[in-house]
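Reading through the structure tokens given below for one structure.
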Amino acid sequence: MYYRCHNTCFYQLKENVGVLCNISVTIHGNTSSGQRTFQFLALISFSLLLHLVWLNSKSSNSVFLRMGTKMESLILAQPNSPLQYPIQGFVVAPLAKSVIPGLALHAQKRRLYKVCFKICKGVLSVEDVLDGDQVEGQGKSNLTISSSSRTHLNDLLSGVTYTSTIYHVKTKDLGNVSTTLFVHYVQRMGVRTGKTTILVTITTKTFLRYDELNILINSIRQFYPKIKIIIADDSLEPQNVTGYNLEHYIMPPAQGWFAGRNLAISQVTTKYILWVDDDYIFNNNTRIESFVEIMEKVPELDVVGGAVGRNQFFFRLQYEEGDEEEGGCLRRLHGRRIQSVPGFDGCFFVDGVVNYFLARTDAVRRVGFDPFLKRVAHTEFFLDGLGDLLIASCKGLSVGHQKKRKQSKYRRFRFPGRKDGRNKLAHHYFKNYLKCIRY
């Protein structure tokens, strides 16, 4: 399916979104003038920000060869055009400003040099513009730079920046230039039966909490009598859990939180999974079909989170890339949004949500849950999905939380102490090549 943008920009909506735009460069000579148009591709992507540091090892290279794309390598067109520009591999974080690498004009001496840029899914600007510099269209999708000095023009070209205006974890913006061309990438219902029952499986992981689990199951059946339920159970002394369209998988004792999630997800055969904790309770505000409606209308979304009671927990992840010796820094920013989801009031893009979410089954399997994390883990799944999963949090989608009970044996496992926390942090530092983490 193809769409037209201002007669010069095209994009194809598939797994990724590509936009082709025009950039023109005009060179005026003493006796003649000419204009040439070139095409360039830019990739706008979250670019797996944390995982960029993997390139420091041979094993990391194999991961990128298997999972990455050749378009991620920066290649500059030589100035035979006479414009030098990036053919591919210009990768930026969504909504962030980045200098376009390699822009330069290598033309013969002329009276006037003029370069015109046009893109579709962002804005252009020039850094450090001085009074008298001939720059038009700062902060817009059309940018024109002109000068009688080729050296000065190239100084201005070296400061041309691109900022995407549409949030997406993997999309493309393509542009054109006269006498110069560059490309960049921008990579971060009705009733409660029928379609929802066919599309969704409810999954949960339980450990030593059979009373809470049975309350959860009974509440689900009150509103969704036929929907499939999958339970992963690593309790020390497993009990029998049965029911209509219910699958109960017994694991070796105390295998852990994320190992159980992997098991549950591995058995799902529907398009979506709804993840719930074993101490939740469905109520009149728990409408799975509202989740499905959003996911069906926004096919690029991978995860949509709701609220547990009144707690609509969500966060952003901020990664600052370090050097090869020390690694980078990671921060989790609570309550920070990225951008509103177009067409849905109360929905906004984030990097992580509460433990009540609808997700595409294939997307969750693609990221997976690190089984090293046995007791305390949540953010880690979204950390591994950074740059891969497109996530939103929406108001009005809630589930209840049962009253807490005194369970001393459960609490010993649920809150294992400082040693487990130290081991988890050490695992993060090594796995993601970090020098600091701030939660």
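Residues in the structure tokens are numbered from 1 in each chain, the chains being A, B, ... in the order shown, and ligands are numbered from 1 in the order shown.
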Neighbours of A:Thr165 within 9 Å (only C-alpha atoms; same-chain residues fewer than 5 positions away dropped), as a ChimeraX atom specification? /A:94-96,121-123
Which residues are close to A:Arg150, i.e. within 12 Å by only C-alpha atoms, leaving aside same-chain residues fewer than 6 positions away? Reply as a count of residues only. 18
Point-to-point distance from atom CA of A:Lys297 to atom CA of A:Val268, Å rounded to tenths: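 Going from atom CA of A:Lys297 over to atom CA of A:Val268, I get 22.2 Å.
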Pick out each residue of stretch 307-411 of chain A that DSSP on the backbone tags as alpha helix (DSSP H); I need them as a VMD selection string. chain A and resid 361 to 367 379 to 384 408 to 411
Mind dumping a table of every stretch 381-401 of chain A residue within 6 Å of stretch 299-320 of chain A, with the nearest atom pair and its distance in Å to one decimal, using only C-alpha atoms, sorted by chain and rising number, as CSV?
```
residue,atom,partner,partner_atom,distance
A:Leu389,CA,A:Asp302,CA,5.7
A:Leu390,CA,A:Leu301,CA,5.1
A:Ile391,CA,A:Val303,CA,4.8
A:Ala392,CA,A:Val304,CA,4.9
A:Ser393,CA,A:Gly305,CA,4.6
A:Cys394,CA,A:Gly306,CA,5.6
A:Leu397,CA,A:Gly306,CA,4.7
A:Ser398,CA,A:Ala307,CA,4.5
A:Val399,CA,A:Val308,CA,5.1
A:Gly400,CA,A:Gly309,CA,5.0
```
Given the choices A:Val364, A:Leu143, A:Val241, A:Leu434, which gets closest to A:Trp275 if the distance is worked out from only C-alpha atoms?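 Looking only at the distances to A:Trp275, the closest residue turns out to be A:Val364.
All residues of protein, DNA or RNA that reach within 12 Å of A:Phe369, judged by only C-alpha atoms and not counting those fewer than 2 positions away in the chain, are Gly256, Trp257, Phe258, Ala259, Gly260, Arg261, Asn262, Leu263, Ala264, Ile265, Ser266, Ala363, Val364, Arg365, Arg366, Val367, Pro371, Phe372, Leu373, Lys374, Ala377, His378, Thr379, Glu380, Phe381, Phe382, Leu383, Asp384 and Gly385 of chain A.
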Would you save the residues from that selection as a compact mmCIF listing (two decimals), in the first residue's frame, using C-alpha atoms?
```txt
# COMPACT_ATOMS: atom_id res chain seq x y z
CA GLY A 256 11.81 -18.43 39.28
CA TRP A 257 9.64 -15.63 38.00
CA PHE A 258 11.03 -15.15 34.49
CA ALA A 259 11.52 -18.87 33.80
CA GLY A 260 7.82 -19.35 34.55
CA ARG A 261 6.84 -16.51 32.25
CA ASN A 262 8.83 -18.10 29.43
CA LEU A 263 7.04 -21.41 29.98
CA ALA A 264 3.58 -19.82 29.99
CA ILE A 265 4.24 -17.76 26.86
CA SER A 266 5.68 -20.77 25.03
CA ALA A 363 6.67 -9.91 20.01
CA VAL A 364 6.98 -11.20 23.60
CA ARG A 365 8.59 -14.41 22.42
CA ARG A 366 11.02 -12.42 20.29
CA VAL A 367 12.33 -10.60 23.37
CA PRO A 371 15.68 -16.85 33.33
CA PHE A 372 18.64 -15.64 35.39
CA LEU A 373 16.15 -13.33 37.14
CA LYS A 374 14.30 -15.56 39.58
CA ALA A 377 12.35 -8.56 38.06
CA HIS A 378 10.07 -6.37 35.99
CA THR A 379 11.93 -3.55 34.24
CA GLU A 380 14.37 -6.08 32.81
CA PHE A 381 11.91 -7.40 30.21
CA PHE A 382 11.33 -3.89 28.87
CA LEU A 383 15.05 -3.21 29.03
CA ASP A 384 15.69 -6.19 26.76
CA GLY A 385 12.89 -4.97 24.48
```
I want to know what sits within 8 Å of A:Gln138, based on only C-alpha atoms, with residues of the same chain fewer than 3 positions away left out; could you give that as number ranges by chain? A: 124-126, 135, 143
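Using only C-alpha atoms, the nearest neighbour of A:Ala359 within the list A:Ala232, A:Val276, A:Val129, A:Leu153 is A:Val276.
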Residue nearest A:Cys329 among A:Ile87, A:Leu130, A:Ile437, A:Ala254 (counting only C-alpha atoms): A:Ile437
Restricting the calculation to only C-alpha atoms, which member of A:Pro86, A:Gly327, A:Lys271, A:Asp279 is positioned closest to A:Lys431? A:Gly327
Sel. of strand (DSSP E or B) residues, stretch 142-261 of chain A, as a VMD selection string: chain A and resid 142 to 147 160 to 164 170 to 178 183 to 186 200 to 206 228 to 233 246 to 250
Only N, CA and C atoms, please: the residues just picked out, written as a compact mmCIF listing (two decimals), in the first residue's frame.
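Result file is result_39.txt:
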```txt
# COMPACT_ATOMS: atom_id res chain seq x y z
N ASN A 142 11.51 21.75 5.09
CA ASN A 142 12.23 22.25 3.91
C ASN A 142 13.34 23.19 4.39
N LEU A 143 14.55 22.94 3.95
CA LEU A 143 15.69 23.74 4.38
C LEU A 143 16.52 24.12 3.16
N THR A 144 16.88 25.38 3.07
CA THR A 144 17.70 25.88 1.96
C THR A 144 18.93 26.58 2.52
N ILE A 145 20.11 26.21 2.00
CA ILE A 145 21.37 26.83 2.40
C ILE A 145 22.06 27.34 1.14
N SER A 146 22.49 28.58 1.15
CA SER A 146 23.18 29.14 -0.02
C SER A 146 24.35 29.98 0.43
N SER A 147 25.36 30.06 -0.45
CA SER A 147 26.55 30.85 -0.15
C SER A 147 27.36 31.02 -1.41
N VAL A 160 24.20 20.58 9.67
CA VAL A 160 22.78 20.28 9.38
C VAL A 160 22.32 19.14 10.29
N THR A 161 21.22 19.36 10.98
CA THR A 161 20.68 18.34 11.89
C THR A 161 19.30 17.89 11.46
N TYR A 162 18.97 16.68 11.85
CA TYR A 162 17.65 16.10 11.59
C TYR A 162 17.01 15.72 12.91
N THR A 163 15.73 16.05 13.07
CA THR A 163 14.96 15.66 14.25
C THR A 163 13.66 15.03 13.80
N SER A 164 13.43 13.77 14.18
CA SER A 164 12.16 13.14 13.82
C SER A 164 11.04 13.73 14.66
N LYS A 170 11.10 1.84 14.91
CA LYS A 170 11.80 1.50 13.67
C LYS A 170 11.02 2.04 12.49
N THR A 171 11.53 3.10 11.87
CA THR A 171 10.89 3.62 10.68
C THR A 171 11.95 4.33 9.85
N LYS A 172 11.61 4.77 8.67
CA LYS A 172 12.58 5.37 7.77
C LYS A 172 12.05 6.70 7.25
N ASP A 173 12.96 7.61 6.96
CA ASP A 173 12.60 8.87 6.32
C ASP A 173 13.60 9.08 5.19
N LEU A 174 13.10 9.30 4.00
CA LEU A 174 13.94 9.40 2.82
C LEU A 174 13.85 10.81 2.27
N GLY A 175 14.99 11.38 1.88
CA GLY A 175 14.98 12.75 1.40
C GLY A 175 15.75 12.96 0.11
N ASN A 176 15.58 14.15 -0.47
CA ASN A 176 16.27 14.51 -1.72
C ASN A 176 16.99 15.84 -1.57
N VAL A 177 18.02 16.02 -2.39
CA VAL A 177 18.76 17.28 -2.41
C VAL A 177 19.08 17.62 -3.85
N SER A 178 19.08 18.93 -4.18
CA SER A 178 19.55 19.35 -5.51
C SER A 178 21.06 19.43 -5.46
N VAL A 183 20.11 10.35 2.98
CA VAL A 183 19.07 9.49 3.51
C VAL A 183 19.27 9.33 4.99
N HIS A 184 18.21 9.25 5.77
CA HIS A 184 18.36 9.04 7.19
C HIS A 184 17.32 8.06 7.67
N TYR A 185 17.62 7.37 8.76
CA TYR A 185 16.71 6.41 9.38
C TYR A 185 16.21 6.95 10.70
N VAL A 186 14.94 6.73 10.99
CA VAL A 186 14.41 7.03 12.31
C VAL A 186 13.94 5.70 12.90
N VAL A 200 -7.25 -13.95 22.39
CA VAL A 200 -6.48 -13.69 23.61
C VAL A 200 -6.39 -14.92 24.50
N THR A 201 -5.19 -15.13 25.06
CA THR A 201 -4.97 -16.11 26.12
C THR A 201 -4.49 -15.36 27.36
N ILE A 202 -5.08 -15.67 28.51
CA ILE A 202 -4.64 -15.07 29.77
C ILE A 202 -3.53 -15.93 30.36
N THR A 203 -2.40 -15.33 30.71
CA THR A 203 -1.27 -16.07 31.24
C THR A 203 -0.88 -15.51 32.61
N THR A 204 -0.41 -16.40 33.48
CA THR A 204 0.06 -15.98 34.78
C THR A 204 1.09 -16.97 35.30
N LYS A 205 1.86 -16.54 36.26
CA LYS A 205 2.85 -17.39 36.94
C LYS A 205 2.49 -17.39 38.42
N THR A 206 2.44 -18.59 39.03
CA THR A 206 2.07 -18.67 40.44
C THR A 206 3.13 -19.40 41.25
N LYS A 228 -9.17 -18.80 27.22
CA LYS A 228 -8.15 -19.75 27.65
C LYS A 228 -7.26 -19.14 28.72
N ILE A 229 -6.89 -19.96 29.73
CA ILE A 229 -6.01 -19.53 30.82
C ILE A 229 -4.83 -20.50 30.88
N ILE A 230 -3.61 -19.96 30.93
CA ILE A 230 -2.41 -20.77 31.06
C ILE A 230 -1.68 -20.36 32.33
N ILE A 231 -1.33 -21.35 33.16
CA ILE A 231 -0.67 -21.09 34.44
C ILE A 231 0.65 -21.84 34.48
N ALA A 232 1.72 -21.14 34.82
CA ALA A 232 3.02 -21.76 35.09
C ALA A 232 3.22 -21.77 36.59
N ASP A 233 3.58 -22.92 37.15
CA ASP A 233 3.58 -23.10 38.61
C ASP A 233 4.87 -23.78 39.05
N LEU A 246 -8.40 -24.50 30.68
CA LEU A 246 -7.31 -24.07 31.56
C LEU A 246 -6.17 -25.07 31.47
N GLU A 247 -4.97 -24.58 31.33
CA GLU A 247 -3.77 -25.42 31.29
C GLU A 247 -2.86 -25.05 32.45
N HIS A 248 -2.49 -26.06 33.23
CA HIS A 248 -1.68 -25.85 34.43
C HIS A 248 -0.36 -26.61 34.25
N TYR A 249 0.74 -25.88 34.12
CA TYR A 249 2.05 -26.47 33.87
C TYR A 249 2.89 -26.44 35.15
N ILE A 250 3.27 -27.65 35.62
CA ILE A 250 4.07 -27.79 36.83
C ILE A 250 5.55 -27.74 36.47
```
Can you measure atom CA of A:Cys116 to atom CA of A:Ser98 for me? One decimal in Å is fine. 18.4 Å
Which is closest to A:Gly159 among A:Leu208, A:Leu199, A:Ile294, A:Ile100, if we use only C-alpha atoms?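 Answer, going by the shortest atom-to-atom distance: A:Ile100.
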Using only C-alpha atoms: which of A:Gln222, A:Asn240, A:Val99, A:Val292 has the shortest distance to A:Ile273: A:Val292
To one decimal place in Å, what is the distance between atom CA of A:Tyr356 and atom CA of A:Gln255?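 Atom-to-atom, atom CA of A:Tyr356 to atom CA of A:Gln255, that is 22.0 Å.
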